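entry.cif (mmCIF, C-alpha atoms) appears below.
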data_entry
loop_
_atom_site.label_atom_id
_atom_site.label_comp_id
_atom_site.auth_asym_id
_atom_site.auth_seq_id
_atom_site.Cartn_x
_atom_site.Cartn_y
_atom_site.Cartn_z
CA MET A 2 55.38 65.24 165.53
CA GLU A 3 57.24 63.35 162.82
CA ARG A 4 60.74 64.21 161.65
CA LEU A 5 61.75 65.14 158.13
CA THR A 6 62.19 62.31 155.64
CA THR A 7 65.75 61.40 154.63
CA LEU A 8 66.90 60.26 151.20
CA ASP A 9 67.28 56.65 152.31
CA GLU A 10 63.77 56.68 153.75
CA LEU A 11 62.43 58.24 150.56
CA ARG A 12 63.98 55.45 148.49
CA LYS A 13 62.43 52.80 150.74
CA ASN A 14 59.02 54.49 150.63
CA ILE A 15 59.11 54.77 146.84
CA ALA A 16 59.76 51.02 146.65
CA ILE A 17 56.81 50.38 149.00
CA LEU A 18 54.44 52.65 147.07
CA ALA A 19 55.49 51.24 143.71
CA CYS A 20 54.51 47.71 144.77
CA ILE A 21 51.09 48.48 146.22
CA GLU A 22 48.39 46.41 144.55
CA GLU A 23 45.39 48.14 143.07
CA THR A 24 41.92 47.81 144.52
CA LYS A 25 38.57 49.35 143.66
CA ALA A 26 39.01 51.79 146.55
CA PRO A 27 40.30 55.23 145.47
CA PHE A 28 43.94 55.91 146.29
CA VAL A 29 44.69 59.55 147.14
CA SER A 30 48.15 60.95 146.31
CA CYS A 31 48.57 64.39 147.85
CA TYR A 32 51.54 66.76 147.45
CA LEU A 33 51.42 70.17 149.11
CA ASN A 34 53.73 73.18 149.22
CA LEU A 35 53.84 74.52 152.78
CA GLU A 36 55.87 77.66 152.15
CA LYS A 37 52.88 80.02 151.84
CA GLY A 38 51.24 78.96 155.09
CA ASP A 39 48.33 76.81 156.14
CA LEU A 40 45.59 78.99 154.68
CA SER A 41 47.06 78.51 151.21
CA TYR A 42 47.62 74.76 151.20
CA ARG A 43 44.40 73.98 153.11
CA LYS A 44 42.26 75.84 150.57
CA ILE A 45 44.04 74.12 147.67
CA PHE A 46 43.56 70.74 149.33
CA GLU A 47 39.89 71.23 150.19
CA ASP A 48 38.95 72.64 146.78
CA ARG A 49 40.71 69.81 144.98
CA ALA A 50 39.24 67.13 147.27
CA LEU A 51 35.71 68.42 146.65
CA ALA A 52 36.25 68.43 142.89
CA MET A 53 37.61 64.88 142.92
CA ARG A 54 34.77 63.59 145.10
CA ASN A 55 32.22 64.81 142.56
CA THR A 56 33.81 62.55 139.92
CA LEU A 57 33.56 59.32 141.94
CA GLU A 58 30.93 56.63 141.94
CA VAL A 59 28.61 56.75 144.95
CA GLU A 60 30.00 53.53 146.44
CA ALA A 61 33.55 54.94 146.41
CA CYS A 62 32.72 58.19 148.21
CA SER A 63 32.77 56.76 151.73
CA ASP A 64 36.26 55.26 151.29
CA PHE A 65 37.44 58.50 149.70
CA ASP A 66 36.06 60.60 152.57
CA THR A 67 37.88 58.45 155.14
CA ALA A 68 41.14 58.79 153.25
CA ILE A 69 40.72 62.55 152.99
CA ASP A 70 39.86 62.86 156.70
CA GLN A 71 43.08 61.10 157.69
CA ILE A 72 45.08 63.54 155.55
CA LYS A 73 43.25 66.49 157.16
CA HIS A 74 44.00 65.18 160.64
CA TYR A 75 47.69 64.75 159.80
CA LEU A 76 47.94 68.26 158.37
CA ALA A 77 46.36 69.68 161.52
CA GLU A 78 48.46 67.79 164.06
CA GLN A 79 51.74 66.49 162.64
CA LEU A 80 53.48 69.10 160.47
CA ARG A 81 56.92 70.24 161.56
CA PRO A 82 57.73 73.98 161.60
CA GLY A 83 60.70 73.50 159.23
CA ALA A 84 58.87 71.46 156.60
CA LYS A 85 58.46 73.08 153.18
CA GLY A 86 56.73 70.21 151.40
CA VAL A 87 54.59 67.23 152.39
CA ALA A 88 53.54 64.12 150.48
CA LEU A 89 50.68 61.98 151.78
CA PHE A 90 49.34 58.72 150.36
CA SER A 91 46.04 57.43 151.69
CA ARG A 92 43.60 54.66 150.85
CA HIS A 93 40.82 53.20 152.99
CA PHE A 94 38.43 50.37 152.26
CA ARG A 95 36.45 47.82 154.18
CA GLY A 96 38.93 45.45 155.80
CA GLY A 97 42.08 47.42 155.14
CA ALA A 98 43.81 50.79 154.97
CA PHE A 99 47.08 52.39 153.91
CA PHE A 100 48.52 55.72 155.00
CA LEU A 101 52.06 56.97 154.37
CA PRO A 102 53.06 60.60 155.09
CA MET A 103 56.43 62.23 154.37
CA GLN A 104 57.68 65.71 155.22
CA PHE A 105 60.58 67.42 153.48
CA ALA A 106 62.81 70.45 153.92
CA ALA A 107 62.50 70.90 150.15
CA PRO A 108 59.34 72.31 148.52
CA LEU A 109 56.83 70.25 146.55
CA PRO A 110 54.16 71.40 144.10
CA ASP A 111 50.49 71.56 145.06
CA TRP A 112 49.21 68.45 143.30
CA ILE A 113 46.43 66.06 144.40
CA ALA A 114 45.03 63.12 142.49
CA VAL A 115 42.85 60.06 142.97
CA TYR A 116 43.87 56.96 141.03
CA PRO A 117 43.86 53.18 141.53
CA SER A 118 47.53 53.29 142.60
CA PRO A 119 49.98 55.87 144.06
CA ASN A 120 51.30 58.58 141.78
CA LEU A 121 55.06 58.74 142.31
CA PHE A 122 56.16 61.34 139.77
CA HIS A 123 56.78 64.19 142.20
CA LEU A 124 58.58 61.91 144.67
CA MET A 125 60.89 60.73 141.88
CA ALA A 126 61.43 64.32 140.74
CA LEU A 127 62.28 65.32 144.32
CA LYS A 128 64.79 62.48 144.61
CA ASP A 129 66.33 63.49 141.29
CA THR A 130 66.63 67.20 142.14
CA TYR A 131 67.41 67.26 145.87
CA HIS A 132 69.59 64.25 146.52
CA ARG A 133 72.42 64.39 149.05
CA TYR A 134 75.52 66.54 148.95
CA VAL A 135 78.19 67.66 151.42
CA VAL A 136 79.09 71.19 152.50
CA LEU A 137 82.42 72.01 154.12
CA LEU A 138 81.93 75.34 155.88
CA ALA A 139 85.25 76.87 157.00
CA ASN A 140 86.07 79.98 159.01
CA LYS A 141 89.04 81.01 161.11
CA ALA A 142 87.74 79.51 164.36
CA TRP A 143 85.99 76.35 163.17
CA VAL A 144 85.15 73.93 160.37
CA ARG A 145 81.76 72.26 159.92
CA ILE A 146 81.10 69.37 157.57
CA LEU A 147 77.40 69.15 156.77
CA GLU A 148 75.34 66.66 154.84
CA VAL A 149 72.38 68.29 153.08
CA ASN A 150 69.78 65.57 152.68
CA LEU A 151 66.71 66.51 150.60
CA GLY A 152 67.25 70.11 151.70
CA ALA A 153 67.69 69.25 155.41
CA VAL A 154 71.03 69.42 157.23
CA THR A 155 72.74 66.74 159.26
CA ILE A 156 75.89 67.92 161.05
CA LYS A 157 78.53 65.29 160.42
CA ALA A 158 81.44 67.04 162.11
CA TRP A 159 82.04 70.32 163.89
CA THR A 160 85.61 70.99 164.87
CA GLU A 161 86.96 74.09 166.57
CA GLN A 162 90.53 75.11 166.01
CA PRO A 163 92.48 75.08 169.31
CA GLU A 164 93.18 78.53 170.67
CA LEU A 165 96.68 79.86 170.19
CA ARG A 166 97.72 81.80 173.24
CA GLU A 167 99.37 85.00 172.15
CA ARG A 168 103.03 85.11 173.12
CA VAL A 169 104.16 88.03 170.97
CA GLY A 170 106.59 90.34 172.80
CA ARG A 171 107.45 87.75 175.44
CA GLU A 172 108.70 84.59 173.79
CA TRP A 173 108.03 85.01 170.04
CA THR A 174 108.52 87.72 167.53
CA LYS A 175 105.42 88.75 165.56
CA ALA A 176 106.82 87.08 162.41
CA HIS A 177 107.45 83.87 164.37
CA TYR A 178 103.91 83.98 165.73
CA GLU A 179 102.35 84.51 162.29
CA SER A 180 104.40 81.69 160.81
CA HIS A 181 103.37 79.33 163.58
CA ARG A 182 99.71 80.36 163.21
CA ARG A 183 99.73 79.71 159.44
CA GLU A 184 101.41 76.34 159.94
CA ARG A 185 98.94 75.34 162.61
CA THR A 186 95.96 76.44 160.47
CA SER A 187 97.31 74.52 157.48
CA ARG A 188 97.71 71.39 159.60
CA PHE A 189 94.19 71.82 161.01
CA LEU A 190 92.67 72.17 157.52
CA LYS A 191 94.51 69.08 156.27
CA GLU A 192 93.03 67.11 159.16
CA GLN A 193 89.54 68.29 158.18
CA ILE A 194 90.17 67.37 154.53
CA ARG A 195 91.13 63.83 155.58
CA LEU A 196 87.94 63.64 157.65
CA LEU A 197 85.94 64.98 154.70
CA GLU A 198 87.45 62.36 152.39
CA ARG A 199 86.51 59.54 154.77
CA LEU A 200 82.96 60.84 155.25
CA MET A 201 82.33 61.25 151.53
CA ALA A 202 83.67 57.79 150.77
CA ALA A 203 81.65 56.16 153.55
CA GLY A 204 78.43 57.94 152.56
CA GLY A 205 78.84 57.51 148.81
CA HIS A 206 78.55 61.26 148.24
CA THR A 207 79.29 62.55 144.75
CA HIS A 208 78.82 66.32 145.23
CA LEU A 209 80.73 68.76 147.43
CA ILE A 210 80.35 72.51 147.99
CA LEU A 211 82.88 74.63 149.87
CA ALA A 212 81.66 77.67 151.80
CA GLY A 213 83.15 80.20 154.18
CA ASP A 214 86.20 82.46 154.33
CA PRO A 215 87.47 82.82 150.73
CA ARG A 216 91.12 82.52 151.76
CA LEU A 217 90.49 79.30 153.67
CA THR A 218 88.23 77.76 151.03
CA GLY A 219 90.88 78.57 148.43
CA GLU A 220 93.51 76.78 150.50
CA ILE A 221 91.19 73.81 151.01
CA ARG A 222 90.37 73.62 147.30
CA ARG A 223 94.06 73.48 146.37
CA ALA A 224 94.68 70.75 148.96
CA LEU A 225 91.77 68.47 148.02
CA PRO A 226 92.80 65.00 146.85
CA LYS A 227 91.75 64.09 143.29
CA SER A 228 89.09 61.68 144.55
CA VAL A 229 87.32 64.59 146.29
CA ALA A 230 88.25 67.48 143.98
CA GLY A 231 86.41 65.78 141.11
CA ASN A 232 83.17 66.07 143.12
CA LEU A 233 83.50 69.80 143.83
CA VAL A 234 80.42 71.64 142.58
CA ASP A 235 81.02 75.23 143.69
CA THR A 236 82.71 77.52 146.22
CA ILE A 237 80.56 80.08 148.04
CA PRO A 238 81.83 82.96 150.22
CA ALA A 239 80.30 83.21 153.69
CA ALA A 240 81.16 85.20 156.80
CA SER A 241 81.48 83.65 160.25
CA TRP A 242 78.38 85.54 161.43
CA ASP A 243 76.16 84.30 158.59
CA LYS A 244 73.39 81.99 159.76
CA GLN A 245 73.86 78.34 158.85
CA ASP A 246 70.39 78.19 157.26
CA ASP A 247 71.28 81.09 154.96
CA VAL A 248 74.56 79.46 153.93
CA VAL A 249 72.81 76.16 153.24
CA ALA A 250 70.16 77.97 151.17
CA ALA A 251 72.96 79.49 149.06
CA THR A 252 74.60 76.09 148.59
CA LEU A 253 71.24 74.56 147.68
CA SER A 254 70.79 77.05 144.85
CA ALA A 255 74.28 76.21 143.57
CA PHE A 256 73.56 72.49 143.83
CA ILE A 257 70.26 72.75 141.93
CA GLU A 258 72.04 74.68 139.18
CA CYS A 259 74.65 71.91 139.00
CA GLU A 260 71.88 69.30 138.92
CA GLU A 261 70.26 71.12 136.00
CA GLN A 262 73.56 71.05 134.09
CA GLU A 263 73.88 67.32 134.76
CA SER A 264 70.27 66.85 133.63
CA GLN A 265 71.04 68.61 130.34
CA ALA A 266 74.10 66.36 129.89
CA VAL A 267 71.87 63.30 130.32
CA ALA A 268 69.43 64.74 127.78
CA ALA A 269 72.32 65.26 125.35
CA ARG A 270 73.34 61.59 125.77
CA PHE A 271 69.75 60.58 125.05
CA VAL A 272 69.55 62.73 121.91
CA GLN A 273 72.84 61.33 120.66
CA GLY A 274 71.59 57.79 121.33
CA ILE A 275 68.45 58.42 119.29
CA ARG A 276 70.37 59.98 116.40
CA THR A 277 72.80 57.08 116.16
CA GLN A 278 70.33 54.29 117.00
CA GLY A 279 72.44 53.77 120.08
CA ARG A 280 71.42 52.91 123.61
CA ALA A 281 68.29 55.04 123.77
CA VAL A 282 64.61 54.77 122.86
CA ALA A 283 61.83 57.36 122.75
CA GLY A 284 58.11 57.21 123.41
CA ALA A 285 56.01 55.60 126.12
CA THR A 286 55.62 52.26 124.35
CA ALA A 287 59.33 51.77 123.74
CA CYS A 288 60.13 52.82 127.31
CA LEU A 289 57.52 50.41 128.66
CA ASP A 290 59.13 47.57 126.71
CA ALA A 291 62.59 48.52 128.00
CA LEU A 292 61.36 48.57 131.60
CA ARG A 293 59.58 45.24 131.21
CA GLN A 294 62.75 43.69 129.79
CA GLN A 295 64.79 45.36 132.59
CA ARG A 296 66.98 47.03 129.98
CA ALA A 297 66.25 50.56 131.17
CA ASP A 298 69.24 52.34 132.67
CA MET A 299 67.41 55.65 133.20
CA LEU A 300 63.94 56.98 132.41
CA LEU A 301 63.80 60.57 131.12
CA LEU A 302 60.70 62.70 131.53
CA ALA A 303 60.27 66.25 130.30
CA ARG A 304 58.92 68.27 133.22
CA ASP A 305 56.14 69.70 131.02
CA HIS A 306 55.27 66.50 129.19
CA LEU A 307 51.63 65.84 128.39
CA PRO A 308 49.74 62.85 129.85
CA GLU A 309 50.07 59.71 127.76
CA PRO A 310 46.81 57.68 127.42
CA GLY A 311 46.80 53.92 127.87
CA TRP A 312 44.76 51.10 129.31
CA ARG A 313 45.13 48.12 131.59
CA CYS A 314 43.11 44.96 132.05
CA ALA A 315 42.18 44.50 135.70
CA ALA A 316 41.71 40.78 135.12
CA CYS A 317 45.03 39.73 133.54
CA GLY A 318 47.14 42.84 134.16
CA VAL A 319 48.11 43.54 130.55
CA LEU A 320 49.11 47.17 129.96
CA ARG A 321 49.08 48.92 126.58
CA ILE A 322 50.02 52.45 125.55
CA GLU A 323 47.11 53.20 123.22
CA PRO A 324 44.77 56.19 122.99
CA HIS A 325 41.59 54.13 122.84
CA ALA A 326 40.73 51.32 125.22
CA PRO A 327 38.99 48.27 123.69
CA ALA A 328 35.68 47.00 125.03
CA ALA A 329 37.31 43.70 125.98
CA CYS A 330 40.90 42.72 126.66
CA PRO A 331 42.49 41.14 123.57
CA GLU A 332 44.61 38.90 125.79
CA CYS A 333 42.02 37.35 128.12
CA GLY A 334 38.75 38.44 126.50
CA LYS A 335 37.29 39.87 129.70
CA GLN A 336 35.56 43.23 129.85
CA SER A 337 37.84 44.52 132.59
CA VAL A 338 39.69 47.20 130.66
CA GLN A 339 40.36 50.49 132.47
CA PRO A 340 41.95 53.69 131.11
CA VAL A 341 45.24 54.68 132.75
CA ASP A 342 47.83 57.44 132.54
CA ALA A 343 50.79 55.72 130.92
CA THR A 344 53.29 58.09 132.53
CA VAL A 345 52.06 57.13 136.00
CA GLU A 346 52.49 53.47 135.09
CA LEU A 347 56.00 54.00 133.72
CA VAL A 348 57.09 55.87 136.84
CA ARG A 349 55.59 53.16 139.01
CA LEU A 350 57.40 50.42 137.09
CA ALA A 351 60.67 52.38 137.33
CA GLY A 352 60.13 52.65 141.09
CA GLN A 353 59.69 48.90 141.37
CA GLN A 354 63.02 48.34 139.62
CA ASP A 355 64.85 51.22 141.37
CA CYS A 356 65.49 52.64 137.91
CA PRO A 357 66.63 56.30 138.15
CA ILE A 358 64.39 58.98 136.67
CA GLU A 359 65.79 62.19 135.23
CA VAL A 360 63.31 65.06 135.04
CA VAL A 361 64.50 67.34 132.23
CA ASP A 362 63.73 71.00 131.61
CA HIS A 363 64.06 72.81 128.27
CA CYS A 364 64.87 69.92 125.95
CA ASP A 365 63.09 70.48 122.63
CA PRO A 366 64.15 67.14 121.04
CA LEU A 367 62.75 65.21 124.02
CA MET A 368 59.50 67.17 123.88
CA ALA A 369 59.26 66.53 120.14
CA LEU A 370 59.50 62.80 120.89
CA GLY A 371 56.59 62.93 123.32
CA GLY A 372 58.47 64.00 126.43
CA ILE A 373 59.41 60.45 127.42
CA GLY A 374 62.65 58.62 126.70
CA CYS A 375 64.91 55.95 128.09
CA LEU A 376 68.67 55.26 128.20
CA LEU A 377 69.37 51.56 127.80
CA ARG A 378 71.86 49.37 129.61
CA TYR A 379 72.88 47.41 126.52
#

Write out the structure in this file as structure tokens.
Amino acid sequence: MERLTTLDELRKNIAILACIEETKAPFVSCYLNLEKGDLSYRKIFEDRALAMRNTLEVEACSDFDTAIDQIKHYLAEQLRPGAKGVALFSRHFRGGAFFLPMQFAAPLPDWIAVYPSPNLFHLMALKDTYHRYVVLLANKAWVRILEVNLGAVTIKAWTEQPELRERVGREWTKAHYESHRRERTSRFLKEQIRLLERLMAAGGHTHLILAGDPRLTGEIRRALPKSVAGNLVDTIPAASWDKQDDVVAATLSAFIECEEQESQAVAARFVQGIRTQGRAVAGATACLDALRQQRADMLLLARDHLPEPGWRCAACGVLRIEPHAPAACPECGKQSVQPVDATVELVRLAGQQDCPIEVVDHCDPLMALGGIGCLLRY
């Protein structure tokens, strides 16, 4: 049974998928939400697979069936109990095959498509929404420093505070004991803050959430160095008996809310760039040009954007964002023109260049400009 995919593995897999060459064999991109149980996602998958098969040419059906069978086998045998979303990419043809599965602790939408190349939009959206952050969970007896990676937890450090043998009434007064306990706790927390600072610097983390006893998290927050305090997203109260999964779920909600605020800030930069003819362009064609020229700093996609029609020549590779495909390619003259979804092509090109994608909700100016925009490097 395979383990959950990490952020670094997701980045590598996106790069692999973005560079896969097209063939005549159908390529199946399958995203499934596992939260409602196997009866739900299996029915969605089987209904969608049947509908897609009925749209294919007869000679493509055999390759499609083999690709679908491999996905079915994986779903039956390889899913982890803690997975909430799975993405599977499958293509089979005579003389070759490709299969790449990924499981995540974060949910994915139910979305299945057949296309000449992988559809990466939901992977890029997952990477944008659920990237890594650090949780420092503090209570009176212990401190845990956790890395939340695409919704899954990796324990980086778990330190218990040494026991303080009670000596009240024998050697210390109660006031002396309390003073010593506070001093020892303060020293212990400062040690954990230094460890936190080293871990965040080494891992390149840019988001931190504090959780636990409110008095301790307040003391930690006041003691954070500026380099770490600037990355603090939120502080969440939690009792020592709260389950770690429940605490992480609460931090995940806070992190997603922070991510949405950052997404809106990016959208505001884009709108300002358009208004001032600054470092921003709008529309699929302009974004395609920016990506081709490697001037794109970030691709923006409205979550509810409509598909953008285009076409590509299978012979010479030319790609155009146009609603109507010509009978023959104007570049090479061959009748090898195929309709494509321009958004899929833009996301694929961004994946090849490791260009970040920001998926934006509730941005009317971006939607008015077609739902696609780009921040430029220069």

Hey, what's within 6 Å of Arg313 in chain A if we count only C-alpha atoms and toss same-chain stuff fewer than 2 positions away? As a ChimeraX atom specification, please? /A:319-320,338-339

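Between CA of Phe99 in chain A and CA of Arg49 in chain A lies a distance of 20.6 Å.
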
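Here CA of Glu332 in chain A and CA of Val345 in chain A stand 22.2 Å from one another.
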
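One distance worth recording is that between CA of Leu253 in chain A and CA of Ile358 in chain A, which is 20.3 Å.
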
Within 6 Å of Val136 in chain A, counting only C-alpha atoms, which residues show up once you throw out same-chain ones fewer than 4 positions away? Write them as a tab-separated table (two decimals) with C-alpha atoms, in the coordinates of the input, please.
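Written output follows (part27.tsv):
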chain	number	residue	atom	x	y	z
A	146	ILE	CA	81.10	69.37	157.57
A	147	LEU	CA	77.40	69.15	156.77
A	209	LEU	CA	80.73	68.76	147.43
A	210	ILE	CA	80.35	72.51	147.99
A	211	LEU	CA	82.88	74.63	149.87

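Under the PyMOL selection byres ((chain A and resi 123) around 10), the matching residues in the shown file are Cys31, Tyr32, Ala88, Leu109, Pro110, Trp112, Asn120, Leu121, Phe122, Leu124, Met125, Ala126, Leu127, Lys128, Asp129, Val348 and Val360 of chain A.
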
Take the PyMOL selection byres ((chain A and resi 321) around 6), apply it to the structure above, and return the hits as number ranges by chain. A: 311-312, 320, 322-323

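Of the listed residues A:Cys259, A:Leu197, A:Leu190, A:Leu376, the one whose atoms come nearest to Gln278 in chain A is A:Leu376, with distances taken using all atoms listed in the file.
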
Return range 141-158 of chain A, completed with N, CA and C atoms, as an mmCIF file, keeping the file's coordinate frame.
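As written to disk, selection20.cif reads:
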data_model
loop_
_atom_site.group_PDB
_atom_site.id
_atom_site.type_symbol
_atom_site.label_atom_id
_atom_site.label_comp_id
_atom_site.auth_asym_id
_atom_site.auth_seq_id
_atom_site.Cartn_x
_atom_site.Cartn_y
_atom_site.Cartn_z
ATOM 1 N N LYS A 141 87.772 81.010 160.394
ATOM 2 C CA LYS A 141 89.040 81.010 161.110
ATOM 3 C C LYS A 141 88.989 80.205 162.406
ATOM 4 N N ALA A 142 87.827 80.163 163.059
ATOM 5 C CA ALA A 142 87.740 79.510 164.360
ATOM 6 C C ALA A 142 87.269 78.069 164.295
ATOM 7 N N TRP A 143 86.570 77.682 163.201
ATOM 8 C CA TRP A 143 85.990 76.350 163.170
ATOM 9 C C TRP A 143 85.747 75.868 161.747
ATOM 10 N N VAL A 144 85.529 74.559 161.637
ATOM 11 C CA VAL A 144 85.150 73.930 160.370
ATOM 12 C C VAL A 144 83.947 73.040 160.645
ATOM 13 N N ARG A 145 82.921 73.155 159.833
ATOM 14 C CA ARG A 145 81.760 72.260 159.920
ATOM 15 C C ARG A 145 81.640 71.480 158.626
ATOM 16 N N ILE A 146 81.381 70.204 158.741
ATOM 17 C CA ILE A 146 81.100 69.370 157.570
ATOM 18 C C ILE A 146 79.651 68.945 157.687
ATOM 19 N N LEU A 147 78.841 69.369 156.739
ATOM 20 C CA LEU A 147 77.400 69.150 156.770
ATOM 21 C C LEU A 147 76.965 68.256 155.629
ATOM 22 N N GLU A 148 76.015 67.395 155.895
ATOM 23 C CA GLU A 148 75.340 66.660 154.840
ATOM 24 C C GLU A 148 73.969 67.292 154.641
ATOM 25 N N VAL A 149 73.689 67.728 153.411
ATOM 26 C CA VAL A 149 72.380 68.290 153.080
ATOM 27 C C VAL A 149 71.585 67.182 152.401
ATOM 28 N N ASN A 150 70.530 66.771 153.063
ATOM 29 C CA ASN A 150 69.780 65.570 152.680
ATOM 30 C C ASN A 150 68.349 65.978 152.350
ATOM 31 N N LEU A 151 68.027 66.057 151.048
ATOM 32 C CA LEU A 151 66.710 66.510 150.600
ATOM 33 C C LEU A 151 66.396 67.896 151.180
ATOM 34 N N GLY A 152 67.420 68.757 151.216
ATOM 35 C CA GLY A 152 67.250 70.110 151.700
ATOM 36 C C GLY A 152 67.445 70.282 153.193
ATOM 37 N N ALA A 153 67.482 69.182 153.961
ATOM 38 C CA ALA A 153 67.690 69.250 155.410
ATOM 39 C C ALA A 153 69.151 68.974 155.733
ATOM 40 N N VAL A 154 69.617 69.512 156.868
ATOM 41 C CA VAL A 154 71.030 69.420 157.230
ATOM 42 C C VAL A 154 71.239 68.437 158.367
ATOM 43 N N THR A 155 72.250 67.595 158.186
ATOM 44 C CA THR A 155 72.740 66.740 159.260
ATOM 45 C C THR A 155 74.186 67.134 159.517
ATOM 46 N N ILE A 156 74.512 67.531 160.743
ATOM 47 C CA ILE A 156 75.890 67.920 161.050
ATOM 48 C C ILE A 156 76.718 66.657 161.234
ATOM 49 N N LYS A 157 77.663 66.452 160.344
ATOM 50 C CA LYS A 157 78.530 65.290 160.420
ATOM 51 C C LYS A 157 79.723 65.545 161.342
ATOM 52 N N ALA A 158 80.273 66.727 161.283
ATOM 53 C CA ALA A 158 81.440 67.040 162.110
ATOM 54 C C ALA A 158 81.495 68.541 162.352
#
